[in-house]
Number of protein chains: 2
Amino acid sequence: MPLDLSVDRSSPVPLYFQLSQQLEAAIEHGALTPGSLLGNEIDLAARLGLSRPTVRQAIQSLVDKGLLVRRRGVGTQVVHSQVKRPLELSSLYDDLEAAGQRPATKVLVNTVVPASTEVAAALGVAEGSEVHRVERLRLAHGEPMAHLCNYLPHGLIDLDTDQLQATGLYRLMRTAGITLHSARQSIGARSATAAEAERLGEPEGAPLLTMQRTTYDDTGRAVEFGAHTYRPSRYSFEFQLLVRS
Amino acid sequence: MPLDLSVDRSSPVPLYFQLSQQLEAAIEHGALTPGSLLGNEIDLAARLGLSRPTVRQAIQSLVDKGLLVRRRGVGTQVVHSQVKRPLELSSLYDDLEAAGQRPATKVLVNTVVPASTEVAAALGVAEGSEVHRVERLRLAHGEPMAHLCNYLPHGLIDLDTDQLQATGLYRLMRTAGITLHSARQSIGARSATAAEAERLGEPEGAPLLTMQRTTYDDTGRAVEFGAHTYRPSRYSFEFQLLVRS
DNA sequence: TCAATCCGTATGTCCGGACAACCGAACTAC
DNA sequence: GTAGTTCGGTTGTCCGGACATACGGATTGA
């Protein structure tokens with residue numbers, strides 16, 4: 001059964017994208033079983049009335065996602081799954097929501113402060129210049145999960161406390177027209193101070209998972225710097241890596 | 001100064017790859033300054049005697065690396081740097097070596113054991129079947145930095161203790177002809193048990209950074225499962241993320 | 001003066017074809 | 001029986017062209 005694929009040429013959606021979506025769905029759905037050959041590109045193109053480059057572009061996008069593997073002289077195979085999602089630049093809020101965890105946010109601080117040396121260096125602004133400072137407690141199922149402290153350049157975005165309670169910071173930034181591009185992260189661990197333990201409902205000296213992140217938009221501007229602490233009993237970083245070959 | 005680019009058609013290296021390497025070097029070297037336009041693809045192709053698709057392929061690879069940004073109707077710009085390396089599937093050994101840290105390895109255990117429930121599930125083998133078990137202490141500058149416990153399917157690779165001391169596990173696997181494809185990771189934190197504290201030279205109850213990882217080859221086979229603990233005072237996970245758009 | 005429109009330009013998509021490089025299996029020769 | 005060779009099949013690379021689409025600035029109009 002050669003799988004029923006079709007493309008809609010009247011659609012504004014690019015043909016290669018239509019195809020890659022259908023292939024991905026077929027893999028997800030099990031119509032294309034792991035290890036099975038995909039059939040050669042020429043035939044596939046002919047069958048769909050597409051050119052080979054277009055088919056290749058569709059396949060390539062799935063190879064980049066780690067769903068397919070090409071072998072010269074052999075063909076294109078479906079990877080033996082295990083692949084879920086590669087690491088994305090996502091917000092904790094969205095992650096929790098996607099996991100059905102019903103996240104909630106408690107805004108502790110939402111103000112403007114002069115930039116400390118560390119914050120100024122991270123955001124690439126002058127020391128002492130005004131920056132937004134947001135401190136939040138992230139809850140899941142009513143239990144504190146993480147303490148989030150973020151700094152943003154002044155004037156970049158309107159930080160409304162109500163909106164911060166209702167959604168994540170990244171979604172706010174995207175809505176404001178900022179196109180996120182990359183981020184530098186550092187994940188570590190340390191003992192909780194008395195104040196941190198208190199905030200998160202952990203005993204003093206308990207181990208904490210820490211994450212520092214600076215996010216840049218597509219012009220290279222730093223748009224956010226954050227120092228987060230997580231309760232390791234309730235949160236860990238899970239992600240998938242792909243080999244860049 | 002329009003940058004001197006050239007390609008060698010007699011070389012077996014693909015033309016698009018030659019071009020992307022030269023562009024990357026130019027960016028690295030500063031010949032292409034952040035924010036500057038790259039010049040349109042048509043001219044670039046004509047100047048190099050290449051076709052536009054080839055030039056596009058070169059540019060696209062750098063866009064995927066996060067070095068360039070394309071804007072329709074505008075052009076292709078160099079990202080305002082900050083980009084170093086996206087997260088790779090690399091071994092701790094290679095990372096330390098690249099950072100000039102002079103890593104050393106002390107093999108504590110190198111044996112074959114029956115797979116526990118957890119290990120069997122991770123590697124996708126029958127519970128109780130034989131698997132390699134390797135336990136190592138990773139040192140930098142003579143100081144313990146991490147404790148690495150790894151399991152590998154039996155018969156996949158010849159695990160020589162001397163080789164394990166001299167290099168990293170990933171390099172051994174690649175040398176053995178295994179093509180790594182993806183990995184699932186989980187990073188967390190917890191308190192050190194007495195034995196762990198002893199091994200790493202930390203006080204009992206000290207916070208530890210933990211990482212569990214299952215690595216798959218390009219056929220989807222699990223080829224390695226590891227449970228690592230790191231001294232947070234000496235190690236943290238640092239990496240760069242790109243937005244997949 | 002300010003807003004809407006037009007237009008040049010650059011990337012985005014797509015086509016059809018060609019040859020090269022590589023893998024695996026069948027075949028052949030020893 | 002085994003080793004080497006040939007050969008079909010598939011992906012990798014590259015070409016030259018065509019039209020669509022979106023952005024930004026200049027022009028035009030109110």
# chains A, B, ... in the order shown; residues from 1 in each chain; ligands from 1

call {"tool": "closest_atom_pairs", "arguments": {"of": "chain D", "to": "chain B", "cutoff": "10 Å", "atoms": "only C-alpha atoms (C1' of nucleotides)", "output": "CSV"}}
result
residue,atom,partner,partner_atom,distance
D:DG12,C1',B:Pro14,CA,9.3
D:DT13,C1',B:Pro14,CA,7.1
D:DC14,C1',B:Thr54,CA,6.9
D:DC15,C1',B:Ser51,CA,6.2
D:DG16,C1',B:Ser51,CA,7.4
D:DT21,C1',B:Arg72,CA,8.3
D:DA22,C1',B:Arg72,CA,5.8
D:DC23,C1',B:Gly73,CA,4.6
D:DG24,C1',B:Val74,CA,7.8

call {"tool": "closest_atom_pairs", "arguments": {"of": "chain C", "to": "chain B", "cutoff": "8 Å", "atoms": "only C-alpha atoms (C1' of nucleotides)", "output": "tab-separated table"}}
result
residue	atom	partner	partner_atom	distance
C:DT9	C1'	B:Gly73	CA	6.3
C:DA10	C1'	B:Gly73	CA	4.1
C:DT11	C1'	B:Arg72	CA	4.4
C:DG12	C1'	B:Arg72	CA	7.7

call {"tool": "write_last_selection", "arguments": {"atoms": "C-alpha atoms (C1' of nucleotides)", "output": "compact mmCIF listing (two decimals), in the first residue's frame"}}
result
# COMPACT_ATOMS: atom_id res chain seq x y z
C1' DT C 9 14.77 44.28 -5.38
C1' DA C 10 15.66 40.42 -2.80
C1' DT C 11 14.42 36.01 -1.21
C1' DG C 12 10.90 31.90 -1.57

call {"tool": "closest_residue", "arguments": {"among": "A:Thr111, A:Ser90, A:Thr33, A:Thr175", "to": "chain B", "atoms": "only C-alpha atoms"}}
result
A:Ser90

call {"tool": "interface_residues", "arguments": {"of": "chain A", "to": "chain B", "cutoff": "9 Å", "atoms": "only C-alpha atoms", "output": "PyMOL selection string"}}
result
chain A and resi 34-35+66+68-69+77-83+86-90+180-191+205-209+216+218-221+231-233+235-245

call {"tool": "atom_distance", "arguments": {"atom1": "CA of Ile59 (chain A)", "atom2": "CA of Ile27 (chain A)"}}
result
12.4 Å

call {"tool": "decode", "arguments": {"residues": "region 36-82 of chain B", "atoms": "N, CA and C atoms", "output": "CSV table (one decimal), in the first residue's frame"}}
result
chain,number,residue,atom,x,y,z
B,36,SER,N,26.0,43.3,8.5
B,36,SER,CA,26.2,43.7,7.1
B,36,SER,C,25.4,42.7,6.1
B,37,LEU,N,25.0,43.3,5.0
B,37,LEU,CA,24.3,42.5,4.0
B,37,LEU,C,25.4,41.7,3.3
B,38,LEU,N,24.9,40.5,2.8
B,38,LEU,CA,25.8,39.6,2.1
B,38,LEU,C,25.8,39.8,0.6
B,39,GLY,N,24.9,40.7,0.1
B,39,GLY,CA,24.8,40.8,-1.3
B,39,GLY,C,23.9,39.8,-1.9
B,40,ASN,N,23.2,40.1,-2.9
B,40,ASN,CA,22.2,39.2,-3.4
B,40,ASN,C,22.7,37.9,-4.0
B,41,GLU,N,21.9,36.9,-4.0
B,41,GLU,CA,22.3,35.6,-4.3
B,41,GLU,C,22.7,35.5,-5.8
B,42,ILE,N,21.9,36.2,-6.6
B,42,ILE,CA,22.2,36.1,-8.1
B,42,ILE,C,23.6,36.6,-8.4
B,43,ASP,N,23.9,37.8,-7.9
B,43,ASP,CA,25.2,38.4,-8.2
B,43,ASP,C,26.3,37.5,-7.6
B,44,LEU,N,26.1,37.0,-6.4
B,44,LEU,CA,27.1,36.1,-5.8
B,44,LEU,C,27.4,34.9,-6.6
B,45,ALA,N,26.3,34.3,-7.1
B,45,ALA,CA,26.4,33.2,-8.0
B,45,ALA,C,27.2,33.5,-9.2
B,46,ALA,N,26.8,34.6,-9.9
B,46,ALA,CA,27.5,35.0,-11.1
B,46,ALA,C,29.0,35.3,-10.9
B,47,ARG,N,29.3,35.9,-9.7
B,47,ARG,CA,30.7,36.2,-9.4
B,47,ARG,C,31.5,35.0,-9.2
B,48,LEU,N,30.9,34.0,-8.7
B,48,LEU,CA,31.7,32.7,-8.4
B,48,LEU,C,31.6,31.7,-9.5
B,49,GLY,N,30.7,32.0,-10.5
B,49,GLY,CA,30.5,31.1,-11.6
B,49,GLY,C,29.7,29.9,-11.1
B,50,LEU,N,28.9,30.1,-10.2
B,50,LEU,CA,28.0,29.0,-9.7
B,50,LEU,C,26.6,29.3,-10.0
B,51,SER,N,25.7,28.3,-9.8
B,51,SER,CA,24.3,28.6,-10.0
B,51,SER,C,23.7,29.1,-8.7
B,52,ARG,N,22.5,29.6,-8.8
B,52,ARG,CA,21.9,30.2,-7.6
B,52,ARG,C,21.6,29.1,-6.6
B,53,PRO,N,21.0,27.9,-7.1
B,53,PRO,CA,20.7,26.9,-6.1
B,53,PRO,C,21.9,26.5,-5.2
B,54,THR,N,23.1,26.4,-5.9
B,54,THR,CA,24.3,26.1,-5.1
B,54,THR,C,24.6,27.1,-4.1
B,55,VAL,N,24.5,28.4,-4.5
B,55,VAL,CA,24.8,29.5,-3.5
B,55,VAL,C,23.8,29.4,-2.4
B,56,ARG,N,22.5,29.2,-2.8
B,56,ARG,CA,21.5,29.1,-1.8
B,56,ARG,C,21.7,28.0,-0.8
B,57,GLN,N,22.2,26.9,-1.3
B,57,GLN,CA,22.5,25.8,-0.4
B,57,GLN,C,23.6,26.1,0.6
B,58,ALA,N,24.6,26.8,0.2
B,58,ALA,CA,25.6,27.3,1.1
B,58,ALA,C,25.1,28.2,2.1
B,59,ILE,N,24.3,29.2,1.7
B,59,ILE,CA,23.8,30.2,2.6
B,59,ILE,C,22.9,29.5,3.6
B,60,GLN,N,22.0,28.6,3.1
B,60,GLN,CA,21.1,27.9,3.9
B,60,GLN,C,21.7,27.2,5.1
B,61,SER,N,22.9,26.6,4.8
B,61,SER,CA,23.6,25.8,5.9
B,61,SER,C,24.0,26.8,7.0
B,62,LEU,N,24.4,28.0,6.6
B,62,LEU,CA,24.8,28.9,7.6
B,62,LEU,C,23.6,29.5,8.4
B,63,VAL,N,22.5,29.6,7.7
B,63,VAL,CA,21.3,30.1,8.3
B,63,VAL,C,20.9,29.0,9.4
B,64,ASP,N,21.0,27.7,9.0
B,64,ASP,CA,20.7,26.7,10.0
B,64,ASP,C,21.6,26.7,11.2
B,65,LYS,N,22.8,27.2,11.0
B,65,LYS,CA,23.8,27.3,12.1
B,65,LYS,C,23.5,28.5,12.9
B,66,GLY,N,22.7,29.4,12.4
B,66,GLY,CA,22.4,30.6,13.2
B,66,GLY,C,23.3,31.7,12.9
B,67,LEU,N,24.1,31.6,11.9
B,67,LEU,CA,25.1,32.7,11.6
B,67,LEU,C,24.5,33.7,10.7
B,68,LEU,N,23.6,33.4,9.9
B,68,LEU,CA,23.0,34.3,8.9
B,68,LEU,C,21.4,34.4,9.1
B,69,VAL,N,20.9,35.5,8.7
B,69,VAL,CA,19.4,35.6,8.7
B,69,VAL,C,19.0,36.1,7.4
B,70,ARG,N,18.0,35.5,6.8
B,70,ARG,CA,17.5,35.9,5.5
B,70,ARG,C,16.2,36.7,5.7
B,71,ARG,N,16.1,37.8,5.0
B,71,ARG,CA,14.8,38.6,5.0
B,71,ARG,C,14.4,38.8,3.6
B,72,ARG,N,13.2,38.4,3.3
B,72,ARG,CA,12.7,38.5,2.0
B,72,ARG,C,12.6,40.0,1.6
B,73,GLY,N,13.0,40.3,0.5
B,73,GLY,CA,12.9,41.7,0.0
B,73,GLY,C,14.0,42.6,0.6
B,74,VAL,N,14.8,42.1,1.5
B,74,VAL,CA,15.8,42.8,2.1
B,74,VAL,C,17.2,42.3,1.7
B,75,GLY,N,17.4,41.0,2.1
B,75,GLY,CA,18.7,40.4,1.8
B,75,GLY,C,19.1,39.5,3.0
B,76,THR,N,20.4,39.1,2.9
B,76,THR,CA,20.9,38.2,3.9
B,76,THR,C,21.9,38.9,4.8
B,77,GLN,N,21.7,38.9,6.1
B,77,GLN,CA,22.5,39.6,7.0
B,77,GLN,C,23.3,38.7,7.9
B,78,VAL,N,24.4,39.1,8.3
B,78,VAL,CA,25.2,38.4,9.3
B,78,VAL,C,24.6,38.7,10.7
B,79,VAL,N,24.3,37.7,11.4
B,79,VAL,CA,23.7,37.9,12.8
B,79,VAL,C,24.8,38.6,13.7
B,80,HIS,N,24.2,39.4,14.6
B,80,HIS,CA,25.1,40.1,15.5
B,80,HIS,C,25.8,39.2,16.4
B,81,SER,N,26.5,38.3,15.9
B,81,SER,CA,27.3,37.3,16.6
B,81,SER,C,26.6,36.8,17.9
B,82,GLN,N,27.4,36.6,18.9
B,82,GLN,CA,27.0,36.0,20.2
B,82,GLN,C,26.9,34.5,20.0
